[in-house]
>>> print(open('my_file.txt').read())   # compact mmCIF, C-alpha atoms
# COMPACT_ATOMS: atom_id res chain seq x y z
CA MET A 1 -24.86 -12.53 19.93
CA ASP A 2 -21.15 -12.03 20.32
CA ALA A 3 -20.57 -15.70 19.79
CA LYS A 4 -22.09 -15.43 16.32
CA LEU A 5 -19.67 -12.79 15.07
CA THR A 6 -17.92 -13.95 11.94
CA ARG A 7 -14.25 -13.38 11.40
CA ARG A 8 -15.11 -10.61 8.95
CA ASP A 9 -17.23 -8.85 11.56
CA THR A 10 -14.41 -9.11 14.03
CA LEU A 11 -12.01 -7.58 11.53
CA ILE A 12 -14.37 -4.71 10.80
CA LEU A 13 -14.95 -4.06 14.48
CA GLY A 14 -11.23 -4.30 15.10
CA GLY A 15 -10.58 -1.78 12.35
CA LEU A 16 -13.10 0.64 13.83
CA ALA A 17 -11.63 0.17 17.28
CA ALA A 18 -8.14 0.79 15.92
CA ALA A 19 -9.31 3.96 14.15
CA GLY A 20 -10.93 5.14 17.37
CA ALA A 21 -7.87 4.30 19.39
CA ALA A 22 -5.66 6.21 16.99
CA THR A 23 -7.69 9.40 17.42
CA LEU A 24 -8.13 9.09 21.17
CA ALA A 25 -4.71 7.79 22.11
CA SER A 26 -2.80 9.66 24.78
CA PRO A 27 0.82 9.17 25.87
CA ALA A 28 -0.47 6.91 28.61
CA ALA A 29 -1.95 4.60 26.01
CA ALA A 30 -0.07 1.34 25.74
CA SER A 31 -1.05 -2.05 24.49
CA THR A 32 -0.93 -4.97 26.86
CA PRO A 33 -0.21 -8.68 26.37
CA GLY A 34 -4.00 -9.11 26.14
CA GLN A 35 -4.22 -6.58 23.34
CA MET A 36 -1.36 -8.29 21.58
CA GLU A 37 -3.26 -11.57 21.76
CA ARG A 38 -6.36 -9.85 20.32
CA ALA A 39 -4.31 -8.30 17.51
CA ILE A 40 -2.88 -11.73 16.70
CA ARG A 41 -6.38 -13.24 16.59
CA GLN A 42 -7.58 -10.40 14.34
CA MET A 43 -4.72 -11.11 11.97
CA ILE A 44 -4.78 -14.89 11.80
CA GLY A 45 -8.18 -15.93 13.17
CA GLU A 46 -8.56 -18.87 15.52
CA ALA A 47 -5.75 -20.93 14.04
CA GLU A 48 -3.43 -22.81 16.36
CA VAL A 49 0.04 -21.28 16.66
CA ARG A 50 2.92 -23.62 17.37
CA LYS A 51 6.41 -22.80 18.62
CA GLY A 52 9.27 -23.46 16.25
CA LYS A 53 10.50 -22.98 12.67
CA VAL A 54 10.64 -19.22 13.24
CA THR A 55 13.69 -17.38 14.55
CA LEU A 56 13.08 -13.85 15.78
CA ASP A 57 16.42 -12.13 16.14
CA LEU A 58 16.62 -9.01 18.30
CA PRO A 59 19.40 -7.60 20.44
CA PRO A 60 18.74 -8.73 24.06
CA LEU A 61 19.57 -5.27 25.41
CA VAL A 62 19.13 -1.99 23.55
CA GLU A 63 19.99 1.49 24.75
CA ASN A 64 17.75 3.34 22.34
CA GLY A 65 14.28 2.04 21.57
CA ASN A 66 13.93 4.36 18.59
CA THR A 67 15.70 2.03 16.18
CA VAL A 68 16.05 -1.61 17.08
CA PRO A 69 17.19 -4.02 14.37
CA LEU A 70 14.79 -6.93 13.95
CA THR A 71 15.30 -10.01 11.80
CA VAL A 72 12.90 -12.88 11.18
CA ILE A 73 14.13 -16.11 9.62
CA VAL A 74 11.73 -18.96 8.92
CA ASP A 75 12.92 -22.49 8.28
CA SER A 76 11.18 -23.33 4.99
CA PRO A 77 12.29 -24.74 1.61
CA MET A 78 10.31 -21.90 -0.08
CA THR A 79 9.03 -24.07 -2.91
CA LYS A 80 5.67 -23.73 -4.65
CA ALA A 81 4.26 -26.51 -2.52
CA ASP A 82 5.79 -25.49 0.80
CA HIS A 83 6.56 -21.84 1.48
CA VAL A 84 5.99 -19.02 3.92
CA LYS A 85 2.99 -16.89 2.95
CA ALA A 86 3.27 -14.18 5.55
CA ILE A 87 5.24 -13.03 8.57
CA HIS A 88 3.60 -10.89 11.26
CA VAL A 89 5.37 -9.26 14.20
CA PHE A 90 3.57 -8.09 17.35
CA ASN A 91 4.60 -6.29 20.53
CA GLU A 92 2.96 -6.07 23.93
CA LYS A 93 3.90 -2.60 25.17
CA ASN A 94 3.85 -0.07 22.33
CA PRO A 95 0.69 2.05 21.93
CA GLN A 96 -0.35 -0.31 19.12
CA PRO A 97 0.28 -4.07 19.18
CA ASN A 98 1.13 -4.46 15.46
CA VAL A 99 4.72 -3.97 14.38
CA VAL A 100 4.89 -5.15 10.78
CA SER A 101 3.29 -7.65 8.39
CA MET A 102 5.06 -9.02 5.35
CA GLN A 103 3.79 -11.20 2.50
CA LEU A 104 6.21 -13.56 0.82
CA GLY A 105 5.94 -16.30 -1.75
CA PRO A 106 7.96 -19.08 -3.36
CA ARG A 107 9.81 -16.44 -5.37
CA ALA A 108 11.47 -15.16 -2.20
CA GLY A 109 13.90 -18.09 -2.30
CA LYS A 110 14.50 -17.75 1.40
CA ALA A 111 12.31 -16.49 4.24
CA HIS A 112 14.70 -14.00 5.76
CA VAL A 113 13.55 -10.41 6.35
CA SER A 114 14.84 -7.51 8.42
CA THR A 115 13.69 -4.08 9.44
CA ARG A 116 14.15 -1.58 12.27
CA VAL A 117 11.49 -1.04 14.90
CA ARG A 118 10.58 1.25 17.77
CA LEU A 119 10.07 -0.16 21.24
CA ALA A 120 8.36 1.73 24.07
CA GLY A 121 10.10 -0.07 26.88
CA THR A 122 11.24 -3.53 27.88
CA GLN A 123 8.91 -6.14 26.44
CA THR A 124 8.47 -9.38 24.57
CA LEU A 125 7.96 -9.44 20.81
CA THR A 126 6.33 -12.26 18.91
CA ALA A 127 6.81 -13.20 15.27
CA ILE A 128 4.27 -15.48 13.60
CA ALA A 129 4.79 -17.15 10.22
CA GLU A 130 1.88 -18.33 8.10
CA MET A 131 2.81 -21.33 5.96
CA SER A 132 1.31 -22.32 2.61
CA ASP A 133 -0.16 -25.46 4.24
CA GLY A 134 -2.19 -23.28 6.62
CA THR A 135 -0.14 -23.85 9.76
CA TYR A 136 1.21 -21.07 11.96
CA TRP A 137 4.56 -21.05 13.75
CA SER A 138 5.95 -18.51 16.16
CA ASP A 139 8.91 -17.33 18.17
CA SER A 140 9.09 -14.78 21.00
CA GLN A 141 11.99 -12.74 22.21
CA GLU A 142 12.39 -10.42 25.18
CA VAL A 143 14.17 -7.11 24.70
CA ILE A 144 15.38 -4.88 27.52
CA VAL A 145 15.12 -1.23 26.49
CA THR A 146 16.87 1.45 28.57
CA LEU A 147 15.55 4.47 26.60
CA ALA A 148 12.02 3.98 25.34
CA ALA A 149 10.69 5.23 22.02
CA CYS A 150 7.34 6.39 20.69
CA LEU A 151 5.98 8.32 23.62
CA GLU A 152 8.56 10.94 24.42
CA ASP A 153 7.25 14.44 23.68
CA LEU A 154 9.05 17.09 21.70
CA ILE A 155 11.09 19.42 23.89
CA MET B 1 5.82 14.68 -1.94
CA SER B 2 9.30 13.47 -2.46
CA ALA B 3 11.63 11.48 -0.33
CA ARG B 4 15.04 9.96 -0.80
CA ALA B 5 15.17 6.24 -1.27
CA LEU B 6 18.22 4.01 -1.29
CA ILE B 7 17.97 0.63 -2.97
CA ASN B 8 20.63 -2.04 -2.87
CA VAL B 9 20.15 -4.73 -5.53
CA PRO B 10 23.05 -6.67 -7.05
CA ARG B 11 23.57 -5.49 -10.64
CA LYS B 12 24.36 -9.00 -11.84
CA ALA B 13 23.24 -12.39 -10.61
CA LYS B 14 23.31 -15.99 -11.74
CA ARG B 15 19.99 -17.52 -12.74
CA GLY B 16 18.35 -19.14 -9.75
CA GLU B 17 20.57 -17.37 -7.22
CA VAL B 18 18.89 -16.02 -4.09
CA ILE B 19 19.71 -12.32 -3.84
CA GLU B 20 19.27 -9.92 -0.95
CA ILE B 21 17.47 -6.64 -1.54
CA LYS B 22 17.92 -3.77 0.89
CA THR B 23 15.70 -0.69 0.85
CA LEU B 24 15.78 2.50 2.87
CA ILE B 25 13.53 5.52 2.44
CA SER B 26 13.73 8.86 4.23
CA HIS B 27 10.52 9.41 6.15
CA ILE B 28 9.71 10.85 9.57
CA MET B 29 7.30 8.00 10.52
CA GLU B 30 5.48 10.23 13.01
CA THR B 31 3.61 7.80 15.26
CA GLY B 32 0.55 9.92 16.09
CA PHE B 33 1.10 9.19 19.78
CA ARG B 34 3.39 12.12 20.58
CA HIS B 35 2.54 15.63 21.76
CA GLY B 36 4.06 18.88 20.50
CA THR B 37 5.40 21.81 22.49
CA THR B 38 1.93 23.23 23.11
CA GLY B 39 0.47 19.91 24.19
CA GLU B 40 -1.43 19.13 21.02
CA LEU B 41 -1.25 15.65 19.53
CA ILE B 42 1.02 15.48 16.50
CA PRO B 43 -1.01 13.78 13.76
CA ARG B 44 0.14 10.43 12.46
CA ASP B 45 2.29 10.55 9.33
CA ILE B 46 3.72 7.16 8.43
CA ILE B 47 4.37 4.97 5.43
CA THR B 48 1.69 2.29 5.53
CA SER B 49 2.61 0.01 2.66
CA PHE B 50 5.64 -1.09 0.68
CA THR B 51 5.66 -3.47 -2.27
CA CYS B 52 8.25 -4.84 -4.67
CA LYS B 53 7.48 -6.03 -8.19
CA TYR B 54 9.89 -8.09 -10.29
CA ASN B 55 9.09 -7.49 -13.97
CA GLY B 56 5.53 -6.58 -13.02
CA GLU B 57 4.87 -9.52 -10.68
CA GLU B 58 4.55 -8.75 -6.99
CA ILE B 59 7.18 -10.68 -5.04
CA PHE B 60 7.05 -8.93 -1.67
CA ALA B 61 4.61 -6.72 0.23
CA THR B 62 4.71 -5.14 3.67
CA GLN B 63 2.28 -3.29 5.89
CA LEU B 64 4.06 -0.84 8.16
CA TYR B 65 2.76 0.39 11.52
CA PRO B 66 3.90 3.27 13.77
CA ALA B 67 6.24 0.79 15.50
CA ILE B 68 8.57 0.96 12.49
CA ALA B 69 11.51 3.27 13.08
CA ALA B 70 11.95 6.54 11.17
CA ASN B 71 13.48 6.12 7.70
CA PRO B 72 12.02 2.64 7.20
CA PHE B 73 14.64 0.04 6.36
CA VAL B 74 13.41 -3.25 4.92
CA THR B 75 15.47 -6.12 3.57
CA PHE B 76 14.21 -9.30 1.94
CA HIS B 77 15.30 -11.93 -0.55
CA THR B 78 14.24 -13.08 -3.98
CA VAL B 79 15.30 -15.60 -6.61
CA ALA B 80 16.98 -13.99 -9.62
CA THR B 81 14.80 -15.49 -12.36
CA GLU B 82 15.39 -13.20 -15.34
CA SER B 83 16.92 -9.90 -16.33
CA GLY B 84 14.67 -6.92 -15.88
CA THR B 85 13.42 -4.34 -13.47
CA LEU B 86 12.59 -4.38 -9.79
CA ALA B 87 10.00 -1.71 -8.99
CA PHE B 88 9.61 -0.49 -5.42
CA HIS B 89 6.52 1.37 -4.30
CA TRP B 90 5.82 3.08 -0.98
CA ILE B 91 2.43 4.47 0.04
CA GLY B 92 1.75 6.51 3.18
CA ASP B 93 -0.42 8.96 5.04
CA ASN B 94 -1.26 12.39 3.57
CA GLY B 95 -1.04 11.07 0.01
CA PHE B 96 2.60 10.02 0.31
CA GLU B 97 3.72 7.99 -2.67
CA MET B 98 7.15 7.09 -3.95
CA THR B 99 8.41 4.79 -6.67
CA GLU B 100 11.94 3.63 -7.32
CA GLU B 101 13.38 1.15 -9.80
CA ALA B 102 16.48 -0.97 -10.03
CA LYS B 103 17.79 -3.01 -12.96
CA ILE B 104 19.19 -6.49 -12.65
CA ALA B 105 21.06 -8.55 -15.23
CA VAL B 106 20.63 -12.30 -14.86
CA GLU B 107 22.95 -14.62 -16.74
>>> encode(input="my_file.txt", output="structure tokens")
Amino acid sequence: MDAKLTRRDTLILGGLAAAGAATLASPAAASTPGQMERAIRQMIGEAEVRKGKVTLDLPPLVENGNTVPLTVIVDSPMTKADHVKAIHVFNEKNPQPNVVSMQLGPRAGKAHVSTRVRLAGTQTLTAIAEMSDGTYWSDSQEVIVTLAACLEDLI
Amino acid sequence: MSARALINVPRKAKRGEVIEIKTLISHIMETGFRHGTTGELIPRDIITSFTCKYNGEEIFATQLYPAIAANPFVTFHTVATESGTLAFHWIGDNGFEMTEEAKIAVE
């Protein structure tokens, strides 16, 4: 029966699972590379993801995982016919595998976005860009974190 | 609920120029994964969505997760097409909502 699940079903199930996880999560909770892969599949379906076009820029070593600058640049002319539709960023060690999702269009002029993220420990992040022609491109980057974020309790 | 937001949009731009927009909003972004002094789980309180409209048309949207650092900082680009208003809108947990506007003159 599992094989007959549609993408919509998977999304609904994923949403329920995420809601459950959010209420049950403990400090020990952490996503794994497998969970990251599942989160990616929930977001983009079964599409093939190729390496290239995307540059994920992160400092290679950070002292404080509470604010880590993150920049994603996608090589695209950003025209009506050929542009980046969305950029998704995932992590493999935070309690939740999603980091951020952004929707762009030809009016962006250039696919260059930045934000600041939290990282619960040394890990690899993956950025995936969805193009207007339906292809997906990705880049991964490892970050070494000496002081982790997210899980420390209040003192 | 109110928060402080900082928006950086060039006041003037040439038509067709690609401009950078920087936004920062004060928000705790409590992850929902941390415990308080008495061991209870601190409930999640984050901004979940951020959008930017240029003269009413949506040009950029973001979904934020607990992995975004406190005081969410987001920068992106857009083509300066015409003079008008850029409207920024944040939505979050516990009914959080914030709107900010910036004017741009395109010549």
>>> closest_atom_pairs(input="my_file.txt", of="chain B", to="chain A", cutoff="7 Å", atoms="only C-alpha atoms", output="JSON lines")
{"residue": "B:Val18", "atom": "CA", "partner": "A:Gly109", "partner_atom": "CA", "distance": 5.7}
{"residue": "B:Thr31", "atom": "CA", "partner": "A:Cys150", "partner_atom": "CA", "distance": 6.7}
{"residue": "B:Phe33", "atom": "CA", "partner": "A:Pro27", "partner_atom": "CA", "distance": 6.1}
{"residue": "B:Arg34", "atom": "CA", "partner": "A:Asp153", "partner_atom": "CA", "distance": 5.5}
{"residue": "B:His35", "atom": "CA", "partner": "A:Asp153", "partner_atom": "CA", "distance": 5.2}
{"residue": "B:Gly36", "atom": "CA", "partner": "A:Leu154", "partner_atom": "CA", "distance": 5.4}
{"residue": "B:Thr37", "atom": "CA", "partner": "A:Leu154", "partner_atom": "CA", "distance": 6.0}
{"residue": "B:Ile59", "atom": "CA", "partner": "A:Arg107", "partner_atom": "CA", "distance": 6.3}
{"residue": "B:Phe60", "atom": "CA", "partner": "A:Leu104", "partner_atom": "CA", "distance": 5.3}
{"residue": "B:Ala61", "atom": "CA", "partner": "A:Gln103", "partner_atom": "CA", "distance": 5.1}
{"residue": "B:Thr62", "atom": "CA", "partner": "A:Met102", "partner_atom": "CA", "distance": 4.2}
{"residue": "B:Gln63", "atom": "CA", "partner": "A:Ser101", "partner_atom": "CA", "distance": 5.1}
{"residue": "B:Leu64", "atom": "CA", "partner": "A:Val100", "partner_atom": "CA", "distance": 5.1}
{"residue": "B:Tyr65", "atom": "CA", "partner": "A:Val99", "partner_atom": "CA", "distance": 5.6}
{"residue": "B:Ala67", "atom": "CA", "partner": "A:Arg118", "partner_atom": "CA", "distance": 4.9}
{"residue": "B:Ile68", "atom": "CA", "partner": "A:Val117", "partner_atom": "CA", "distance": 4.3}
{"residue": "B:Ala69", "atom": "CA", "partner": "A:Val117", "partner_atom": "CA", "distance": 4.7}
{"residue": "B:Pro72", "atom": "CA", "partner": "A:Arg116", "partner_atom": "CA", "distance": 6.9}
{"residue": "B:Phe73", "atom": "CA", "partner": "A:Thr115", "partner_atom": "CA", "distance": 5.2}
{"residue": "B:Val74", "atom": "CA", "partner": "A:Thr115", "partner_atom": "CA", "distance": 4.6}
{"residue": "B:Thr75", "atom": "CA", "partner": "A:Ser114", "partner_atom": "CA", "distance": 5.1}
{"residue": "B:Phe76", "atom": "CA", "partner": "A:Val113", "partner_atom": "CA", "distance": 4.6}
{"residue": "B:His77", "atom": "CA", "partner": "A:Ala108", "partner_atom": "CA", "distance": 5.3}
{"residue": "B:Thr78", "atom": "CA", "partner": "A:Ala108", "partner_atom": "CA", "distance": 3.9}
{"residue": "B:Val79", "atom": "CA", "partner": "A:Gly109", "partner_atom": "CA", "distance": 5.2}
>>> closest_residue(input="my_file.txt", among="B:Asp93, B:Ile104, B:Ala80, B:Asp45", to="B:Glu30", atoms="only C-alpha atoms")
B:Asp45
>>> residues_near_point(input="my_file.txt", point="(0.6, 5.8, 5.4)", cutoff="9 Å", atoms="all atoms listed in the file", output="PyMOL selection string")
chain B and resi 29+44-49+64-65+90-97
>>> closest_residue(input="my_file.txt", among="A:Asp57, A:Asp75, A:Glu63, A:Asp82", to="A:Ser140", atoms="only C-alpha atoms")
A:Asp57
>>> atom_distance(input="my_file.txt", atom1="atom CA of B:Ile42", atom2="atom CA of A:Lys93")
20.3 Å
>>> axis_aligned_box(input="my_file.txt", around="stretch 3-21 of chain B", padding_each_side="3 Å", output="JSON")
{"center_x": 18.0, "center_y": -3.8, "center_z": -6.5, "size_x": 18.7, "size_y": 36.6, "size_z": 18.4}
>>> atom_distance(input="my_file.txt", atom1="atom CA of A:Leu58", atom2="atom CA of A:Glu142")
8.2 Å
>>> build_atoms(input="my_file.txt", residues="stretch 89-105 of chain B", atoms="N, CA and C atoms", output="short mmCIF file (atom, residue, chain, number, x, y, z; two decimals), in the frame of the given file")
data_model
loop_
_atom_site.label_atom_id
_atom_site.label_comp_id
_atom_site.auth_asym_id
_atom_site.auth_seq_id
_atom_site.Cartn_x
_atom_site.Cartn_y
_atom_site.Cartn_z
N HIS B 89 7.61 0.41 -4.42
CA HIS B 89 6.52 1.37 -4.30
C HIS B 89 6.15 1.54 -2.84
N TRP B 90 6.21 2.78 -2.36
CA TRP B 90 5.82 3.08 -0.98
C TRP B 90 4.56 3.94 -1.00
N ILE B 91 3.63 3.66 -0.09
CA ILE B 91 2.43 4.47 0.04
C ILE B 91 2.29 4.85 1.51
N GLY B 92 1.86 6.09 1.78
CA GLY B 92 1.75 6.51 3.18
C GLY B 92 0.64 7.49 3.42
N ASP B 93 0.60 7.99 4.65
CA ASP B 93 -0.42 8.96 5.04
C ASP B 93 -0.24 10.26 4.26
N ASN B 94 -1.27 11.08 4.23
CA ASN B 94 -1.26 12.39 3.57
C ASN B 94 -0.85 12.28 2.10
N GLY B 95 -1.29 11.22 1.44
CA GLY B 95 -1.04 11.07 0.01
C GLY B 95 0.40 10.77 -0.36
N PHE B 96 1.20 10.32 0.60
CA PHE B 96 2.60 10.02 0.31
C PHE B 96 2.70 8.85 -0.67
N GLU B 97 3.52 9.05 -1.69
CA GLU B 97 3.72 7.99 -2.67
C GLU B 97 5.11 8.14 -3.27
N MET B 98 5.79 7.03 -3.44
CA MET B 98 7.15 7.09 -3.95
C MET B 98 7.44 5.81 -4.71
N THR B 99 8.07 5.95 -5.86
CA THR B 99 8.41 4.79 -6.67
C THR B 99 9.89 4.85 -7.01
N GLU B 100 10.51 3.71 -6.99
CA GLU B 100 11.94 3.63 -7.32
C GLU B 100 12.16 2.35 -8.11
N GLU B 101 13.14 2.35 -8.99
CA GLU B 101 13.38 1.15 -9.80
C GLU B 101 14.85 0.77 -9.76
N ALA B 102 15.10 -0.50 -9.93
CA ALA B 102 16.48 -0.97 -10.03
C ALA B 102 16.53 -2.04 -11.11
N LYS B 103 17.63 -2.03 -11.88
CA LYS B 103 17.79 -3.01 -12.96
C LYS B 103 18.65 -4.17 -12.47
N ILE B 104 18.36 -5.34 -12.97
CA ILE B 104 19.19 -6.49 -12.65
C ILE B 104 19.45 -7.29 -13.93
N ALA B 105 20.70 -7.72 -14.08
CA ALA B 105 21.06 -8.55 -15.23
C ALA B 105 21.29 -9.97 -14.74
#
